[in-house]
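File shown: protein.pdb. Contents: PDB, C-alpha atoms, pLDDT in the B column.
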```
ATOM      1  CA  MET A   1       8.605 -13.371  13.462  1.00 53.00           C
ATOM      2  CA  SER A   2       8.067 -10.285  11.352  1.00 53.00           C
ATOM      3  CA  ARG A   3       6.400  -6.954  12.036  1.00 57.00           C
ATOM      4  CA  HIS A   4       4.941  -4.171   9.951  1.00 47.00           C
ATOM      5  CA  HIS A   5       2.895  -1.032  10.374  1.00 48.00           C
ATOM      6  CA  SER A   6      -0.823  -1.060   9.656  1.00 54.00           C
ATOM      7  CA  GLU A   7      -1.949  -0.200   6.142  1.00 59.00           C
ATOM      8  CA  GLY A   8      -4.944   1.404   7.881  1.00 57.00           C
ATOM      9  CA  ASP A   9      -4.009   3.955  10.507  1.00 52.00           C
ATOM     10  CA  GLY A  10      -0.232   3.475  10.174  1.00 58.00           C
ATOM     11  CA  ARG A  11       0.280   3.686  13.938  1.00 51.00           C
ATOM     12  CA  ARG A  12      -0.427   0.083  14.857  1.00 54.00           C
ATOM     13  CA  THR A  13       2.202  -2.585  14.446  1.00 55.00           C
ATOM     14  CA  TYR A  14       1.219  -6.125  13.537  1.00 48.00           C
ATOM     15  CA  LEU A  15       3.406  -9.090  14.395  1.00 45.00           C
ATOM     16  CA  HIS A  16       3.394 -12.235  12.297  1.00 45.00           C
ATOM     17  CA  LEU A  17       4.555 -15.476  13.852  1.00 44.00           C
ATOM     18  CA  GLU A  18       5.803 -17.942  11.279  1.00 50.00           C
ATOM     19  CA  GLN A  19       3.708 -21.109  11.077  1.00 48.00           C
ATOM     20  CA  ASP A  20       6.771 -23.340  11.454  1.00 50.00           C
ATOM     21  CA  THR A  21       7.530 -21.661  14.780  1.00 43.00           C
ATOM     22  CA  LEU A  22       3.978 -22.148  16.000  1.00 43.00           C
ATOM     23  CA  GLU A  23       3.945 -25.796  14.943  1.00 48.00           C
ATOM     24  CA  SER A  24       7.208 -26.434  16.773  1.00 41.00           C
ATOM     25  CA  LEU A  25       5.558 -25.301  20.007  1.00 41.00           C
ATOM     26  CA  GLY A  26       3.140 -28.210  19.720  1.00 45.00           C
ATOM     27  CA  THR A  27       0.196 -26.160  20.974  1.00 49.00           C
ATOM     28  CA  ALA A  28      -2.125 -26.593  18.006  1.00 52.00           C
ATOM     29  CA  SER A  29      -5.350 -28.259  19.038  1.00 54.00           C
ATOM     30  CA  PRO A  30      -8.697 -28.696  17.321  1.00 56.00           C
ATOM     31  CA  VAL A  31     -11.368 -26.106  18.053  1.00 64.00           C
ATOM     32  CA  ALA A  32     -15.153 -26.073  17.714  1.00 78.00           C
ATOM     33  CA  VAL A  33     -16.411 -26.020  14.152  1.00 88.00           C
ATOM     34  CA  PRO A  34     -18.080 -22.757  13.082  1.00 92.00           C
ATOM     35  CA  ARG A  35     -21.208 -22.769  10.927  1.00 94.00           C
ATOM     36  CA  ARG A  36     -19.466 -20.566   8.361  1.00 96.00           C
ATOM     37  CA  VAL A  37     -16.191 -18.688   7.920  1.00 96.00           C
ATOM     38  CA  LEU A  38     -16.544 -15.102   6.710  1.00 96.00           C
ATOM     39  CA  PHE A  39     -13.465 -13.442   5.218  1.00 97.00           C
ATOM     40  CA  VAL A  40     -13.602  -9.635   5.372  1.00 95.00           C
ATOM     41  CA  CYS A  41     -11.514  -6.915   3.755  1.00 94.00           C
ATOM     42  CA  THR A  42     -12.276  -3.334   2.858  1.00 94.00           C
ATOM     43  CA  GLY A  43     -13.280  -3.523  -0.800  1.00 94.00           C
ATOM     44  CA  ASN A  44     -14.189  -7.212  -1.063  1.00 95.00           C
ATOM     45  CA  SER A  45     -12.408  -7.150  -4.395  1.00 95.00           C
ATOM     46  CA  ALA A  46      -9.247  -9.181  -3.789  1.00 96.00           C
ATOM     47  CA  ARG A  47      -8.022 -10.796  -0.558  1.00 96.00           C
ATOM     48  CA  SER A  48     -11.377 -11.807   0.909  1.00 97.00           C
ATOM     49  CA  HIS A  49     -12.501 -13.443  -2.349  1.00 97.00           C
ATOM     50  CA  LEU A  50      -9.225 -15.335  -2.689  1.00 97.00           C
ATOM     51  CA  ALA A  51      -9.429 -16.498   0.939  1.00 98.00           C
ATOM     52  CA  ALA A  52     -13.018 -17.738   0.586  1.00 97.00           C
ATOM     53  CA  ALA A  53     -12.201 -19.593  -2.637  1.00 97.00           C
ATOM     54  CA  LEU A  54      -9.127 -21.166  -1.072  1.00 98.00           C
ATOM     55  CA  TRP A  55     -11.216 -22.168   1.952  1.00 98.00           C
ATOM     56  CA  ARG A  56     -13.728 -23.947  -0.270  1.00 97.00           C
ATOM     57  CA  GLN A  57     -10.857 -26.057  -1.664  1.00 95.00           C
ATOM     58  CA  VAL A  58      -9.803 -27.410   1.727  1.00 96.00           C
ATOM     59  CA  SER A  59     -12.886 -27.443   3.929  1.00 96.00           C
ATOM     60  CA  THR A  60     -16.504 -28.515   3.880  1.00 95.00           C
ATOM     61  CA  ILE A  61     -17.361 -25.661   6.249  1.00 96.00           C
ATOM     62  CA  PRO A  62     -19.120 -22.987   4.178  1.00 97.00           C
ATOM     63  CA  ALA A  63     -17.275 -19.744   3.450  1.00 97.00           C
ATOM     64  CA  ALA A  64     -18.280 -16.281   2.307  1.00 97.00           C
ATOM     65  CA  SER A  65     -16.598 -12.938   1.819  1.00 97.00           C
ATOM     66  CA  ALA A  66     -17.609  -9.329   2.364  1.00 96.00           C
ATOM     67  CA  GLY A  67     -16.234  -5.812   2.571  1.00 95.00           C
ATOM     68  CA  THR A  68     -16.641  -2.815   4.820  1.00 94.00           C
ATOM     69  CA  HIS A  69     -16.711  -0.541   1.741  1.00 95.00           C
ATOM     70  CA  PRO A  70     -17.306  -2.858  -1.230  1.00 96.00           C
ATOM     71  CA  ALA A  71     -15.841  -2.034  -4.611  1.00 96.00           C
ATOM     72  CA  ASP A  72     -17.929  -2.113  -7.787  1.00 96.00           C
ATOM     73  CA  ARG A  73     -16.392  -5.413  -8.928  1.00 96.00           C
ATOM     74  CA  ILE A  74     -13.765  -7.991  -8.182  1.00 96.00           C
ATOM     75  CA  ASN A  75     -10.390  -6.586  -9.151  1.00 96.00           C
ATOM     76  CA  PRO A  76      -9.140  -8.005 -12.475  1.00 96.00           C
ATOM     77  CA  GLY A  77      -5.807  -8.796 -10.795  1.00 96.00           C
ATOM     78  CA  THR A  78      -7.666 -11.104  -8.417  1.00 96.00           C
ATOM     79  CA  ILE A  79      -9.262 -12.967 -11.312  1.00 96.00           C
ATOM     80  CA  ASP A  80      -5.900 -13.243 -13.087  1.00 96.00           C
ATOM     81  CA  ALA A  81      -4.153 -14.516  -9.930  1.00 96.00           C
ATOM     82  CA  ALA A  82      -6.859 -17.136  -9.382  1.00 97.00           C
ATOM     83  CA  ALA A  83      -6.439 -18.303 -12.989  1.00 97.00           C
ATOM     84  CA  ARG A  84      -2.624 -18.506 -12.622  1.00 97.00           C
ATOM     85  CA  HIS A  85      -3.090 -20.739  -9.560  1.00 97.00           C
ATOM     86  CA  ASP A  86      -5.968 -22.825 -10.975  1.00 97.00           C
ATOM     87  CA  LEU A  87      -8.277 -21.541  -8.231  1.00 96.00           C
ATOM     88  CA  ASP A  88     -12.003 -21.780  -8.845  1.00 95.00           C
ATOM     89  CA  LEU A  89     -13.025 -18.190  -8.147  1.00 94.00           C
ATOM     90  CA  PRO A  90     -16.692 -17.354  -8.645  1.00 90.00           C
ATOM     91  CA  VAL A  91     -16.932 -13.908 -10.204  1.00 83.00           C
ATOM     92  CA  VAL A  92     -19.649 -12.291  -8.122  1.00 91.00           C
ATOM     93  CA  GLU A  93     -20.446  -8.761  -7.097  1.00 94.00           C
ATOM     94  CA  PRO A  94     -18.626  -7.552  -3.964  1.00 97.00           C
ATOM     95  CA  ARG A  95     -20.932  -7.518  -0.952  1.00 97.00           C
ATOM     96  CA  ASN A  96     -21.285  -5.298   2.092  1.00 96.00           C
ATOM     97  CA  LEU A  97     -20.483  -6.807   5.470  1.00 95.00           C
ATOM     98  CA  ASP A  98     -23.849  -5.630   6.862  1.00 94.00           C
ATOM     99  CA  ASP A  99     -25.669  -7.713   4.239  1.00 96.00           C
ATOM    100  CA  VAL A 100     -23.633 -10.883   4.792  1.00 95.00           C
ATOM    101  CA  LEU A 101     -22.660 -11.127   8.472  1.00 95.00           C
ATOM    102  CA  ASP A 102     -24.369 -13.785  10.565  1.00 94.00           C
ATOM    103  CA  PRO A 103     -23.853 -13.827  14.352  1.00 92.00           C
ATOM    104  CA  ASP A 104     -22.601 -17.422  14.150  1.00 92.00           C
ATOM    105  CA  ASP A 105     -19.852 -16.651  11.614  1.00 94.00           C
ATOM    106  CA  LEU A 106     -16.196 -17.045  12.417  1.00 94.00           C
ATOM    107  CA  VAL A 107     -14.980 -13.691  11.081  1.00 95.00           C
ATOM    108  CA  VAL A 108     -11.463 -13.464   9.682  1.00 95.00           C
ATOM    109  CA  THR A 109     -10.317  -9.992   8.669  1.00 94.00           C
ATOM    110  CA  VAL A 110      -7.664 -10.171   5.974  1.00 94.00           C
ATOM    111  CA  CYS A 111      -6.773  -6.495   5.842  1.00 91.00           C
ATOM    112  CA  ASP A 112      -5.782  -3.944   8.442  1.00 91.00           C
ATOM    113  CA  ARG A 113      -8.420  -1.368   7.523  1.00 89.00           C
ATOM    114  CA  ALA A 114     -11.265  -3.849   8.000  1.00 89.00           C
ATOM    115  CA  HIS A 115      -9.760  -5.066  11.267  1.00 87.00           C
ATOM    116  CA  GLU A 116      -9.505  -1.498  12.542  1.00 88.00           C
ATOM    117  CA  THR A 117     -13.148  -0.728  11.718  1.00 82.00           C
ATOM    118  CA  PRO A 118     -15.158  -0.788  14.950  1.00 73.00           C
ATOM    119  CA  LYS A 119     -18.205  -2.463  13.375  1.00 75.00           C
ATOM    120  CA  VAL A 120     -16.243  -5.553  12.295  1.00 75.00           C
ATOM    121  CA  PRO A 121     -16.434  -8.319  14.908  1.00 75.00           C
ATOM    122  CA  GLY A 122     -13.187  -9.931  13.760  1.00 67.00           C
ATOM    123  CA  GLU A 123     -12.197 -12.938  15.797  1.00 82.00           C
ATOM    124  CA  LEU A 124      -9.062 -13.538  13.749  1.00 91.00           C
ATOM    125  CA  HIS A 125      -6.928 -11.028  11.883  1.00 91.00           C
ATOM    126  CA  TRP A 126      -4.546 -11.788   9.052  1.00 93.00           C
ATOM    127  CA  SER A 127      -2.639  -8.675   8.040  1.00 90.00           C
ATOM    128  CA  ILE A 128      -2.268  -9.390   4.324  1.00 93.00           C
ATOM    129  CA  PRO A 129      -0.859  -6.490   2.268  1.00 93.00           C
ATOM    130  CA  ASP A 130      -3.254  -5.007  -0.287  1.00 94.00           C
ATOM    131  CA  PRO A 131      -2.240  -6.217  -3.766  1.00 95.00           C
ATOM    132  CA  VAL A 132      -4.483  -3.789  -5.673  1.00 92.00           C
ATOM    133  CA  ASP A 133      -2.502  -1.403  -7.894  1.00 89.00           C
ATOM    134  CA  LYS A 134       0.761  -3.254  -7.151  1.00 91.00           C
ATOM    135  CA  GLY A 135       0.920  -5.698 -10.044  1.00 91.00           C
ATOM    136  CA  PRO A 136       0.675  -9.464 -10.531  1.00 94.00           C
ATOM    137  CA  GLY A 137       3.500 -10.244  -8.107  1.00 95.00           C
ATOM    138  CA  ALA A 138       1.573  -8.658  -5.235  1.00 96.00           C
ATOM    139  CA  PHE A 139      -1.528 -10.702  -6.051  1.00 96.00           C
ATOM    140  CA  ASP A 140       0.564 -13.876  -6.182  1.00 97.00           C
ATOM    141  CA  ALA A 141       2.187 -13.039  -2.841  1.00 96.00           C
ATOM    142  CA  ALA A 142      -1.245 -12.462  -1.282  1.00 97.00           C
ATOM    143  CA  TYR A 143      -2.450 -15.749  -2.756  1.00 97.00           C
ATOM    144  CA  VAL A 144       0.496 -17.711  -1.316  1.00 97.00           C
ATOM    145  CA  GLU A 145       0.122 -16.155   2.139  1.00 96.00           C
ATOM    146  CA  LEU A 146      -3.625 -16.723   2.166  1.00 97.00           C
ATOM    147  CA  GLU A 147      -3.232 -20.309   1.007  1.00 97.00           C
ATOM    148  CA  HIS A 148      -0.797 -21.036   3.820  1.00 95.00           C
ATOM    149  CA  ARG A 149      -3.037 -19.453   6.464  1.00 95.00           C
ATOM    150  CA  VAL A 150      -6.261 -21.002   5.154  1.00 96.00           C
ATOM    151  CA  ARG A 151      -4.739 -24.489   5.225  1.00 95.00           C
ATOM    152  CA  ALA A 152      -3.398 -23.953   8.744  1.00 92.00           C
ATOM    153  CA  LEU A 153      -6.744 -22.689  10.049  1.00 93.00           C
ATOM    154  CA  ALA A 154      -8.790 -25.408   8.358  1.00 94.00           C
ATOM    155  CA  SER A 155      -6.575 -28.066   9.940  1.00 91.00           C
ATOM    156  CA  ARG A 156      -7.511 -26.802  13.419  1.00 87.00           C
ATOM    157  CA  PHE A 157     -11.197 -27.690  13.248  1.00 83.00           C
ATOM    158  CA  ASP A 158     -12.667 -30.954  14.493  1.00 58.00           C
ATOM    159  CA  SER A 159     -13.989 -32.995  11.630  1.00 51.00           C
TER     160      SER A 159
END
```
Can I see the file as structure tokens?
Amino acid sequence: MSRHHSEGDGRRTYLHLEQDTLESLGTASPVAVPRRVLFVCTGNSARSHLAAALWRQVSTIPAASAGTHPADRINPGTIDAAARHDLDLPVVEPRNLDDVLDPDDLVVTVCDRAHETPKVPGELHWSIPDPVDKGPGAFDAAYVELEHRVRALASRFDS
């Protein structure tokens, strides 16, 4: 288990249980299949796009991404990280959560700021550190963490 302070308000502490620990408990069971999985971060320029692209690799359930305060474009570091990992990343314009959210979505917030925004109906929260302005290593670390979590979540749904 690890813990860290929120990148948003800095007062909250998020705990992260390691997947191996969870799997050893033997409590994983399939859950109802959502119509779509919506990955949300603040700028919709990095983590949410990577998560949605990773999801499309492992699941037939549709995925989308959005931001609470969308950036002008996908961050170039995101595009470079996707290329380094051979991830098919559509280069699209970041979108606002209000324009994308459907009431039937399973919402996964991938950043603390989005999770801490009252208007975001996040059902799951993955506290992934923001790689923007931190270099290629930070984007690769976000990619690896997202890949691990996406695969674990996708495996939980009935097929």
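Taken over the whole file, the PyMOL selection byres ((chain A and resi 83-97) around 8) covers exactly Val40, Gly43, Asn44, Ser45, His49, Leu50, Ala53, Leu54, Ser65, Ala66, Gly67, Thr68, His69, Pro70, Ala71, Asp72, Arg73, Ile74, Ile79, Asp80, Ala81, Ala82, Asp98, Asp99, Val100 and Leu101 of chain A.
Counting only C-alpha atoms and comparing A:Val110, A:Val58, A:Ala142, A:Ala154, the residue that lies closest to Phe39 (chain A) is A:Val110.
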Given the file shown, enumerate the residues that the PyMOL selection byres ((chain A and resi 126) around 12) captures and present them as a VMD selection string. chain A and resid 6 14 to 17 39 to 41 47 to 48 51 107 to 116 122 to 125 127 to 130 142 145 to 150 153
Selection to disk with C-alpha atoms, as a PDB file, in the coordinates of the input:
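Saved as out.pdb:
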```pdb
ATOM      1  CA  SER A   6      -0.823  -1.060   9.656  1.00 54.00           C
ATOM      2  CA  TYR A  14       1.219  -6.125  13.537  1.00 48.00           C
ATOM      3  CA  LEU A  15       3.406  -9.090  14.395  1.00 45.00           C
ATOM      4  CA  HIS A  16       3.394 -12.235  12.297  1.00 45.00           C
ATOM      5  CA  LEU A  17       4.555 -15.476  13.852  1.00 44.00           C
ATOM      6  CA  PHE A  39     -13.465 -13.442   5.218  1.00 97.00           C
ATOM      7  CA  VAL A  40     -13.602  -9.635   5.372  1.00 95.00           C
ATOM      8  CA  CYS A  41     -11.514  -6.915   3.755  1.00 94.00           C
ATOM      9  CA  ARG A  47      -8.022 -10.796  -0.558  1.00 96.00           C
ATOM     10  CA  SER A  48     -11.377 -11.807   0.909  1.00 97.00           C
ATOM     11  CA  ALA A  51      -9.429 -16.498   0.939  1.00 98.00           C
ATOM     12  CA  VAL A 107     -14.980 -13.691  11.081  1.00 95.00           C
ATOM     13  CA  VAL A 108     -11.463 -13.464   9.682  1.00 95.00           C
ATOM     14  CA  THR A 109     -10.317  -9.992   8.669  1.00 94.00           C
ATOM     15  CA  VAL A 110      -7.664 -10.171   5.974  1.00 94.00           C
ATOM     16  CA  CYS A 111      -6.773  -6.495   5.842  1.00 91.00           C
ATOM     17  CA  ASP A 112      -5.782  -3.944   8.442  1.00 91.00           C
ATOM     18  CA  ARG A 113      -8.420  -1.368   7.523  1.00 89.00           C
ATOM     19  CA  ALA A 114     -11.265  -3.849   8.000  1.00 89.00           C
ATOM     20  CA  HIS A 115      -9.760  -5.066  11.267  1.00 87.00           C
ATOM     21  CA  GLU A 116      -9.505  -1.498  12.542  1.00 88.00           C
ATOM     22  CA  GLY A 122     -13.187  -9.931  13.760  1.00 67.00           C
ATOM     23  CA  GLU A 123     -12.197 -12.938  15.797  1.00 82.00           C
ATOM     24  CA  LEU A 124      -9.062 -13.538  13.749  1.00 91.00           C
ATOM     25  CA  HIS A 125      -6.928 -11.028  11.883  1.00 91.00           C
ATOM     26  CA  SER A 127      -2.639  -8.675   8.040  1.00 90.00           C
ATOM     27  CA  ILE A 128      -2.268  -9.390   4.324  1.00 93.00           C
ATOM     28  CA  PRO A 129      -0.859  -6.490   2.268  1.00 93.00           C
ATOM     29  CA  ASP A 130      -3.254  -5.007  -0.287  1.00 94.00           C
ATOM     30  CA  ALA A 142      -1.245 -12.462  -1.282  1.00 97.00           C
ATOM     31  CA  GLU A 145       0.122 -16.155   2.139  1.00 96.00           C
ATOM     32  CA  LEU A 146      -3.625 -16.723   2.166  1.00 97.00           C
ATOM     33  CA  GLU A 147      -3.232 -20.309   1.007  1.00 97.00           C
ATOM     34  CA  HIS A 148      -0.797 -21.036   3.820  1.00 95.00           C
ATOM     35  CA  ARG A 149      -3.037 -19.453   6.464  1.00 95.00           C
ATOM     36  CA  VAL A 150      -6.261 -21.002   5.154  1.00 96.00           C
ATOM     37  CA  LEU A 153      -6.744 -22.689  10.049  1.00 93.00           C
TER      38      LEU A 153
END
```
Record the distance separating CA of Lys134 (chain A) and CA of Gly77 (chain A), expressed in Å with one decimal. 9.3 Å
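Considering all atoms listed in the file, the residue among A:Thr42, A:Pro76, A:Ala32, A:Leu106 positioned nearest to Ala64 (chain A) is A:Leu106.
Taking CA of Ala46 (chain A) as the reference point, CA of Val144 (chain A) is found at 13.2 Å.
Contact shell of Thr60 (chain A) at 12 Å (all atoms listed in the file; same-chain neighbours under 3 positions omitted): Val33, Pro34, Arg35, Arg36, Val37, Ala52, Ala53, Leu54, Trp55, Arg56, Gln57, Ala63, Ala154, Ser155, Phe157, Asp158 and Ser159 of chain A.
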Here CA of Asp102 (chain A) and CA of Arg151 (chain A) stand apart by 23.0 Å
Grab all the atoms of region 51-65 of chain A that the file lists, wrap them in a box along x, y and z, add 8 Å per side, and give me centre plus edge lengths in Å (one decimal) as AutoDock Vina command-line options.
```
--center_x -14.1 --center_y -20.7 --center_z 1.8 --size_x 26.0 --size_y 31.6 --size_z 24.9
```
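Residues in contact with Asp133 (chain A) at up to 10 Å, not including ones fewer than 5 positions away on its chain and judged by only C-alpha atoms, are Asn75, Gly77, Ala138 and Phe139 of chain A.
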Generate N, CA, C and O atoms for region 102-116 of chain A and emit them as an mmCIF file, in the coordinates of the input.
```
data_model
loop_
_atom_site.group_PDB
_atom_site.id
_atom_site.type_symbol
_atom_site.label_atom_id
_atom_site.label_comp_id
_atom_site.auth_asym_id
_atom_site.auth_seq_id
_atom_site.Cartn_x
_atom_site.Cartn_y
_atom_site.Cartn_z
ATOM 1 N N ASP A 102 -23.466 -13.012 9.713
ATOM 2 C CA ASP A 102 -24.369 -13.785 10.565
ATOM 3 C C ASP A 102 -23.693 -13.877 11.939
ATOM 4 O O ASP A 102 -22.476 -14.035 12.013
ATOM 5 N N PRO A 103 -24.467 -13.792 13.019
ATOM 6 C CA PRO A 103 -23.853 -13.827 14.352
ATOM 7 C C PRO A 103 -23.047 -15.095 14.639
ATOM 8 O O PRO A 103 -22.172 -15.095 15.491
ATOM 9 N N ASP A 104 -23.322 -16.166 13.924
ATOM 10 C CA ASP A 104 -22.601 -17.422 14.150
ATOM 11 C C ASP A 104 -21.347 -17.574 13.291
ATOM 12 O O ASP A 104 -20.669 -18.602 13.362
ATOM 13 N N ASP A 105 -21.036 -16.576 12.468
ATOM 14 C CA ASP A 105 -19.852 -16.651 11.614
ATOM 15 C C ASP A 105 -18.566 -16.563 12.426
ATOM 16 O O ASP A 105 -18.498 -15.835 13.419
ATOM 17 N N LEU A 106 -17.560 -17.283 11.963
ATOM 18 C CA LEU A 106 -16.196 -17.045 12.417
ATOM 19 C C LEU A 106 -15.666 -15.996 11.450
ATOM 20 O O LEU A 106 -15.522 -16.266 10.254
ATOM 21 N N VAL A 107 -15.407 -14.793 11.934
ATOM 22 C CA VAL A 107 -14.980 -13.691 11.081
ATOM 23 C C VAL A 107 -13.459 -13.601 11.082
ATOM 24 O O VAL A 107 -12.821 -13.543 12.133
ATOM 25 N N VAL A 108 -12.903 -13.601 9.869
ATOM 26 C CA VAL A 108 -11.463 -13.464 9.682
ATOM 27 C C VAL A 108 -11.239 -12.213 8.846
ATOM 28 O O VAL A 108 -11.618 -12.171 7.670
ATOM 29 N N THR A 109 -10.658 -11.182 9.448
ATOM 30 C CA THR A 109 -10.317 -9.992 8.669
ATOM 31 C C THR A 109 -8.967 -10.258 8.002
ATOM 32 O O THR A 109 -8.046 -10.778 8.631
ATOM 33 N N VAL A 110 -8.891 -9.918 6.724
ATOM 34 C CA VAL A 110 -7.664 -10.171 5.974
ATOM 35 C C VAL A 110 -6.960 -8.881 5.580
ATOM 36 O O VAL A 110 -5.984 -8.919 4.834
ATOM 37 N N CYS A 111 -7.462 -7.763 6.076
ATOM 38 C CA CYS A 111 -6.773 -6.495 5.842
ATOM 39 C C CYS A 111 -6.866 -5.633 7.091
ATOM 40 O O CYS A 111 -7.795 -5.745 7.882
ATOM 41 N N ASP A 112 -5.863 -4.772 7.245
ATOM 42 C CA ASP A 112 -5.782 -3.944 8.442
ATOM 43 C C ASP A 112 -6.944 -2.972 8.563
ATOM 44 O O ASP A 112 -7.490 -2.776 9.650
ATOM 45 N N ARG A 113 -7.339 -2.362 7.458
ATOM 46 C CA ARG A 113 -8.420 -1.368 7.523
ATOM 47 C C ARG A 113 -9.724 -1.985 8.020
ATOM 48 O O ARG A 113 -10.430 -1.401 8.824
ATOM 49 N N ALA A 114 -10.045 -3.177 7.535
ATOM 50 C CA ALA A 114 -11.265 -3.849 8.000
ATOM 51 C C ALA A 114 -11.141 -4.209 9.477
ATOM 52 O O ALA A 114 -12.084 -4.032 10.251
ATOM 53 N N HIS A 115 -9.979 -4.692 9.867
ATOM 54 C CA HIS A 115 -9.760 -5.066 11.267
ATOM 55 C C HIS A 115 -9.902 -3.868 12.197
ATOM 56 O O HIS A 115 -10.382 -3.998 13.320
ATOM 57 N N GLU A 116 -9.493 -2.706 11.722
ATOM 58 C CA GLU A 116 -9.505 -1.498 12.542
ATOM 59 C C GLU A 116 -10.843 -0.756 12.498
ATOM 60 O O GLU A 116 -10.989 0.285 13.113
#
```
